[in-house]
Amino acid sequence: MSTGQINQQPLLHNEQDPPAPTPVHLMELDGVGKHYGNIIALSDVTMTVDQGRVTCVLGDNGAGKSTLIKIIAGLHQHDEGTFRILGQERRLTSPREALDAGIASVYQDLAVVPLMPIWRNFFLGSELTVGKGPFKRLDVKRMKTVTKKELADMGIDLRDVNQPIGQLSGGERQCVAIARAVYFGAKALILDEPTAALGVKQSGVVLRYILQARDRGLGVIFITHNPHHAYPVGDSFLLLKRGRSIGSYDKKDIELDELTGLMAGGAELQELAHELADLGGYPDVVREVQADVDVEVTSAE
Amino acid sequence: MAILVDVPTLDERVGRRSVAQNLLGRPEVGALVGAIVLFVFFSAAAPVFLQPNSFATVLYGSSTFGIMAVAVSLLMIGGEFDLSAGVAVISSALTASLFSWYFSMNLWVGVGLALIVSLLIGFVNGWILMKTKLPSFIVTLATFLMLTGLNLALTRLIGGSVATPSIASMDGFQSARAVFANSFTIGGMDLKSPILIWIVLVVIASWLLLRTKIGNWIFAVGGDENAARAVGVPVRATKIGLFMGVGFCGWVLGMHNLFAFDSVQSGEGIGNEFLYIIAAVIGGCLLTGGYGSAIGGAIGAFIFGMANKGIVYAEWNPDWFKFFLGLMLLLATIVNLIVKRRAELK
Ligand SMILES: Nc1ncnc2c1ncn2[C@@H]1O[C@H](COP(=O)(O)OP(=O)(O)O)[C@@H](O)[C@H]1O
Ligand SMILES: [Mg+2]
């Protein structure tokens, strides 16, 4: 399970405690690959997810982040490598199967139905019912109360659970989706770029719910292309580029500016600086980019 | 951030919604307004319109659209169309009639077989749709054409004519007529059984839509299929089920058409699929899915019945009916659009 320069520390450990000996990870991917026809979207990716920890997956557009989590969420199946849940090798063939295994996902394009009321969305696919046989019906009252309460517990103070969820802001919708996963007893929570479309303040709110989910013992996979969002909440970081892993770090082994540098890629910044200069970009900006490159190069060595 | 301890159902940021505002948020409100306007209009234009028996005729006309509009509305809320719904009604009636006639069997055998065929047509529509991921417009257009051809060809092949032979003297005719094409009198109105069937179907469909899991899934697959699938909604089963619902209603109406007379014209039904879709749209179902109601579809069908018969009672040329229909559709869609926008903003 070697992926080049990757730091092979056991992931189940944090800065205070000595490394825990437990070898069973909540989820474990080993050399996982996936192609769409002849497009190789992902190859040889190795990562682990543990309870009460936030694993960040970072990478530019097209790096394969969504592909990776779609494999974990049961929307796609991997072609190579192994995927284990609690030590058992699995190949999930539907989102239902993933949900039954305790894996809940909050998608980039938001797994909510905009025209449906918040409470219907909250319970969608896992509705509460009363009565028997042909008289089995939705327990509307209880679903509304639970929705309101669960959201309040997460610190989401909603106006009216009857309003269409499409009326909520992007951040609020993400939070409803997170609260739903927590309520339905998910063991793992996958968030695909939850902050990508959000402003600074709303992103902050979502990041706080990520930590809340972590504190409730969930293993969180947080996908983003923004190191500034990943670094404050993440316990470990997996970096993807063109479908391959270019590094995997524990929080204590990496600083924010290193992470940023790795994300952007030193060589590419250098190139950009030249290009900007050639195109007649503002000299001071070009110099700034150049400085960034220098910082990155020195700190990486 | 304030954490609500004792959670109230509403808080102060939701300005108190008046009854009128709540009403405006319902999908069928535009249609209801339209229906009232039309009712008043025809009552004034044609005094006969208000007589009990004329009204019963209007209701009957509405019910023959309405029975199908129920299933077509649910299907539309689920995000799909069925262009084969009109001819499938005739296919069902032809199956029951020709099968029993050809094999000289009790008509109830044919009725049972017709139910299976109707459900199967729905199943095949839904299954092909889910397998191929083609738009339902294409898939059901294909079944529409195939059924149209089959109806004509098989009827001629088996019965030797464009209409089926009379089944009036066959075993089971009277009892089947008593079920599918009866009439009863309430309050001086001579009501035909499809009216009752229509009302029952609307009640069941509303209950299904608003108070069961399946209803939740119908809204979800129409509103955002991928989101629904991601949270574990059985999208395929829901959609196939909706098409089979159209099949079932087609069977009910087909049996009524057959037993109200004793013969069926094999070329009928073409074009009716649009009337069902129009009824659903007038009733506030969103063409793109995810929004609407069964009651709305029923009101749409009622508007239809009123315009259809009202023109006759007002002694106008029935040529105007289609014009009326188009105008109604346009107005209804605009009203729905406005209502929906308002509902979303509030
Ligand atoms: N369904 C698909 N069919 C073909 N190619 C795909 C499909 N989904 C993703 N890809 C390709 O795989 C690569 C990785 O995509 P994705 O995982 O969505 O990246 P990210 O989420 O990191 O932006 C991209 O080059 C993308 O074009
Ligand atoms: Mg993506």
# chains A, B, ... in the order shown; residues from 1 in each chain; ligands from 1

$ interface_residues --of "chain A" --to "chain B" --cutoff "8 Å" --atoms "only C-alpha atoms" --output "NGL selection string"
:A and (75 or 95-96 or 99 or 105 or 110-116 or 120 or 124-127 or 129 or 136-138 or 140 or 148-149 or 152-153 or 155-157 or 159-160 or 164 or 167)

$ residues_around --residues "range 212-221 of chain A" --least-positions-apart "5" --cutoff "9 Å" --atoms "only C-alpha atoms" --output "ChimeraX atom specification"
/A:26-27,49-57,69,154,178-179,182,185-192,207

$ residues_near_ligand --ligand "ligand 2" --cutoff "8 Å" --atoms "only C-alpha atoms and all ligand atoms" --output "ChimeraX atom specification"
/A:61-62,64-67,108,192-193

$ residues_near_ligand --ligand "ligand 1" --cutoff "12 Å" --atoms "only C-alpha atoms and all ligand atoms" --output "number ranges by chain"
A: 33-43, 57-71, 75-77, 107-109, 191-194, 196, 223-226, 239-245

$ atom_distance --atom1 "CA of Ala142 in chain B" --atom2 "CA of Phe65 in chain B"
22.6 Å

$ decode --residues "range 28-54 of chain A" --atoms "N, CA, C and O atoms" --output "PDB file, in the first residue's frame"
ATOM      1  N   GLU A  28     -11.607   2.016   4.447  1.00  0.00           N
ATOM      2  CA  GLU A  28     -10.225   1.911   4.027  1.00  0.00           C
ATOM      3  C   GLU A  28     -10.203   1.658   2.520  1.00  0.00           C
ATOM      4  O   GLU A  28     -10.786   0.695   2.038  1.00  0.00           O
ATOM      5  N   LEU A  29      -9.554   2.545   1.793  1.00  0.00           N
ATOM      6  CA  LEU A  29      -9.405   2.337   0.358  1.00  0.00           C
ATOM      7  C   LEU A  29      -7.957   2.031   0.078  1.00  0.00           C
ATOM      8  O   LEU A  29      -7.068   2.688   0.625  1.00  0.00           O
ATOM      9  N   ASP A  30      -7.729   1.037  -0.755  1.00  0.00           N
ATOM     10  CA  ASP A  30      -6.361   0.634  -1.018  1.00  0.00           C
ATOM     11  C   ASP A  30      -6.168   0.449  -2.526  1.00  0.00           C
ATOM     12  O   ASP A  30      -6.765  -0.429  -3.126  1.00  0.00           O
ATOM     13  N   GLY A  31      -5.384   1.326  -3.089  1.00  0.00           N
ATOM     14  CA  GLY A  31      -5.076   1.240  -4.523  1.00  0.00           C
ATOM     15  C   GLY A  31      -6.296   1.306  -5.419  1.00  0.00           C
ATOM     16  O   GLY A  31      -6.356   0.669  -6.462  1.00  0.00           O
ATOM     17  N   VAL A  32      -7.282   2.096  -5.012  1.00  0.00           N
ATOM     18  CA  VAL A  32      -8.542   2.127  -5.748  1.00  0.00           C
ATOM     19  C   VAL A  32      -8.419   2.919  -7.057  1.00  0.00           C
ATOM     20  O   VAL A  32      -7.800   3.976  -7.102  1.00  0.00           O
ATOM     21  N   GLY A  33      -8.975   2.372  -8.112  1.00  0.00           N
ATOM     22  CA  GLY A  33      -8.964   3.045  -9.416  1.00  0.00           C
ATOM     23  C   GLY A  33     -10.316   2.937 -10.092  1.00  0.00           C
ATOM     24  O   GLY A  33     -11.127   2.070  -9.771  1.00  0.00           O
ATOM     25  N   LYS A  34     -10.559   3.865 -11.014  1.00  0.00           N
ATOM     26  CA  LYS A  34     -11.851   3.875 -11.724  1.00  0.00           C
ATOM     27  C   LYS A  34     -11.680   4.530 -13.081  1.00  0.00           C
ATOM     28  O   LYS A  34     -11.035   5.579 -13.192  1.00  0.00           O
ATOM     29  N   HIS A  35     -12.187   3.899 -14.121  1.00  0.00           N
ATOM     30  CA  HIS A  35     -12.186   4.589 -15.419  1.00  0.00           C
ATOM     31  C   HIS A  35     -13.588   4.621 -16.002  1.00  0.00           C
ATOM     32  O   HIS A  35     -14.404   3.743 -15.780  1.00  0.00           O
ATOM     33  N   TYR A  36     -13.837   5.703 -16.728  1.00  0.00           N
ATOM     34  CA  TYR A  36     -15.093   5.828 -17.464  1.00  0.00           C
ATOM     35  C   TYR A  36     -14.733   5.565 -18.918  1.00  0.00           C
ATOM     36  O   TYR A  36     -14.121   6.413 -19.559  1.00  0.00           O
ATOM     37  N   GLY A  37     -15.073   4.427 -19.430  1.00  0.00           N
ATOM     38  CA  GLY A  37     -14.647   4.094 -20.789  1.00  0.00           C
ATOM     39  C   GLY A  37     -13.131   4.118 -20.834  1.00  0.00           C
ATOM     40  O   GLY A  37     -12.484   3.432 -20.048  1.00  0.00           O
ATOM     41  N   ASN A  38     -12.562   4.946 -21.702  1.00  0.00           N
ATOM     42  CA  ASN A  38     -11.103   4.988 -21.723  1.00  0.00           C
ATOM     43  C   ASN A  38     -10.527   6.171 -20.940  1.00  0.00           C
ATOM     44  O   ASN A  38      -9.337   6.420 -20.970  1.00  0.00           O
ATOM     45  N   ILE A  39     -11.404   6.909 -20.252  1.00  0.00           N
ATOM     46  CA  ILE A  39     -10.918   8.007 -19.417  1.00  0.00           C
ATOM     47  C   ILE A  39     -10.598   7.461 -18.034  1.00  0.00           C
ATOM     48  O   ILE A  39     -11.471   6.930 -17.351  1.00  0.00           O
ATOM     49  N   ILE A  40      -9.337   7.584 -17.645  1.00  0.00           N
ATOM     50  CA  ILE A  40      -8.976   7.134 -16.300  1.00  0.00           C
ATOM     51  C   ILE A  40      -9.239   8.289 -15.342  1.00  0.00           C
ATOM     52  O   ILE A  40      -8.537   9.301 -15.362  1.00  0.00           O
ATOM     53  N   ALA A  41     -10.272   8.162 -14.537  1.00  0.00           N
ATOM     54  CA  ALA A  41     -10.655   9.256 -13.650  1.00  0.00           C
ATOM     55  C   ALA A  41      -9.920   9.166 -12.322  1.00  0.00           C
ATOM     56  O   ALA A  41      -9.741  10.159 -11.630  1.00  0.00           O
ATOM     57  N   LEU A  42      -9.498   7.962 -11.958  1.00  0.00           N
ATOM     58  CA  LEU A  42      -8.900   7.763 -10.646  1.00  0.00           C
ATOM     59  C   LEU A  42      -7.996   6.550 -10.738  1.00  0.00           C
ATOM     60  O   LEU A  42      -8.372   5.537 -11.337  1.00  0.00           O
ATOM     61  N   SER A  43      -6.796   6.652 -10.158  1.00  0.00           N
ATOM     62  CA  SER A  43      -6.007   5.427 -10.126  1.00  0.00           C
ATOM     63  C   SER A  43      -5.132   5.378  -8.889  1.00  0.00           C
ATOM     64  O   SER A  43      -4.558   6.385  -8.476  1.00  0.00           O
ATOM     65  N   ASP A  44      -5.072   4.201  -8.306  1.00  0.00           N
ATOM     66  CA  ASP A  44      -4.208   3.908  -7.178  1.00  0.00           C
ATOM     67  C   ASP A  44      -4.348   4.908  -6.030  1.00  0.00           C
ATOM     68  O   ASP A  44      -3.377   5.521  -5.605  1.00  0.00           O
ATOM     69  N   VAL A  45      -5.549   5.075  -5.541  1.00  0.00           N
ATOM     70  CA  VAL A  45      -5.766   5.986  -4.419  1.00  0.00           C
ATOM     71  C   VAL A  45      -5.942   5.195  -3.132  1.00  0.00           C
ATOM     72  O   VAL A  45      -6.683   4.225  -3.089  1.00  0.00           O
ATOM     73  N   THR A  46      -5.227   5.616  -2.115  1.00  0.00           N
ATOM     74  CA  THR A  46      -5.274   4.926  -0.831  1.00  0.00           C
ATOM     75  C   THR A  46      -5.644   5.929   0.247  1.00  0.00           C
ATOM     76  O   THR A  46      -5.057   7.001   0.324  1.00  0.00           O
ATOM     77  N   MET A  47      -6.655   5.607   1.026  1.00  0.00           N
ATOM     78  CA  MET A  47      -7.007   6.500   2.128  1.00  0.00           C
ATOM     79  C   MET A  47      -7.766   5.739   3.208  1.00  0.00           C
ATOM     80  O   MET A  47      -8.277   4.650   2.976  1.00  0.00           O
ATOM     81  N   THR A  48      -7.781   6.327   4.409  1.00  0.00           N
ATOM     82  CA  THR A  48      -8.556   5.723   5.482  1.00  0.00           C
ATOM     83  C   THR A  48      -9.449   6.779   6.108  1.00  0.00           C
ATOM     84  O   THR A  48      -9.134   7.961   6.085  1.00  0.00           O
ATOM     85  N   VAL A  49     -10.558   6.289   6.638  1.00  0.00           N
ATOM     86  CA  VAL A  49     -11.488   7.177   7.322  1.00  0.00           C
ATOM     87  C   VAL A  49     -11.759   6.576   8.687  1.00  0.00           C
ATOM     88  O   VAL A  49     -11.986   5.372   8.800  1.00  0.00           O
ATOM     89  N   ASP A  50     -11.687   7.411   9.725  1.00  0.00           N
ATOM     90  CA  ASP A  50     -11.919   6.902  11.071  1.00  0.00           C
ATOM     91  C   ASP A  50     -12.966   7.721  11.793  1.00  0.00           C
ATOM     92  O   ASP A  50     -13.220   8.871  11.449  1.00  0.00           O
ATOM     93  N   GLN A  51     -13.548   7.087  12.801  1.00  0.00           N
ATOM     94  CA  GLN A  51     -14.583   7.764  13.579  1.00  0.00           C
ATOM     95  C   GLN A  51     -14.031   8.999  14.267  1.00  0.00           C
ATOM     96  O   GLN A  51     -12.899   8.992  14.759  1.00  0.00           O
ATOM     97  N   GLY A  52     -14.846  10.037  14.310  1.00  0.00           N
ATOM     98  CA  GLY A  52     -14.449  11.235  15.030  1.00  0.00           C
ATOM     99  C   GLY A  52     -13.292  11.980  14.401  1.00  0.00           C
ATOM    100  O   GLY A  52     -12.612  12.750  15.069  1.00  0.00           O
ATOM    101  N   ARG A  53     -13.054  11.721  13.124  1.00  0.00           N
ATOM    102  CA  ARG A  53     -11.983  12.436  12.435  1.00  0.00           C
ATOM    103  C   ARG A  53     -12.481  12.984  11.099  1.00  0.00           C
ATOM    104  O   ARG A  53     -13.375  12.434  10.477  1.00  0.00           O
ATOM    105  N   VAL A  54     -11.864  14.080  10.680  1.00  0.00           N
ATOM    106  CA  VAL A  54     -12.230  14.663   9.393  1.00  0.00           C
ATOM    107  C   VAL A  54     -11.092  14.408   8.409  1.00  0.00           C
ATOM    108  O   VAL A  54      -9.969  14.840   8.634  1.00  0.00           O
TER     109      VAL A  54
END
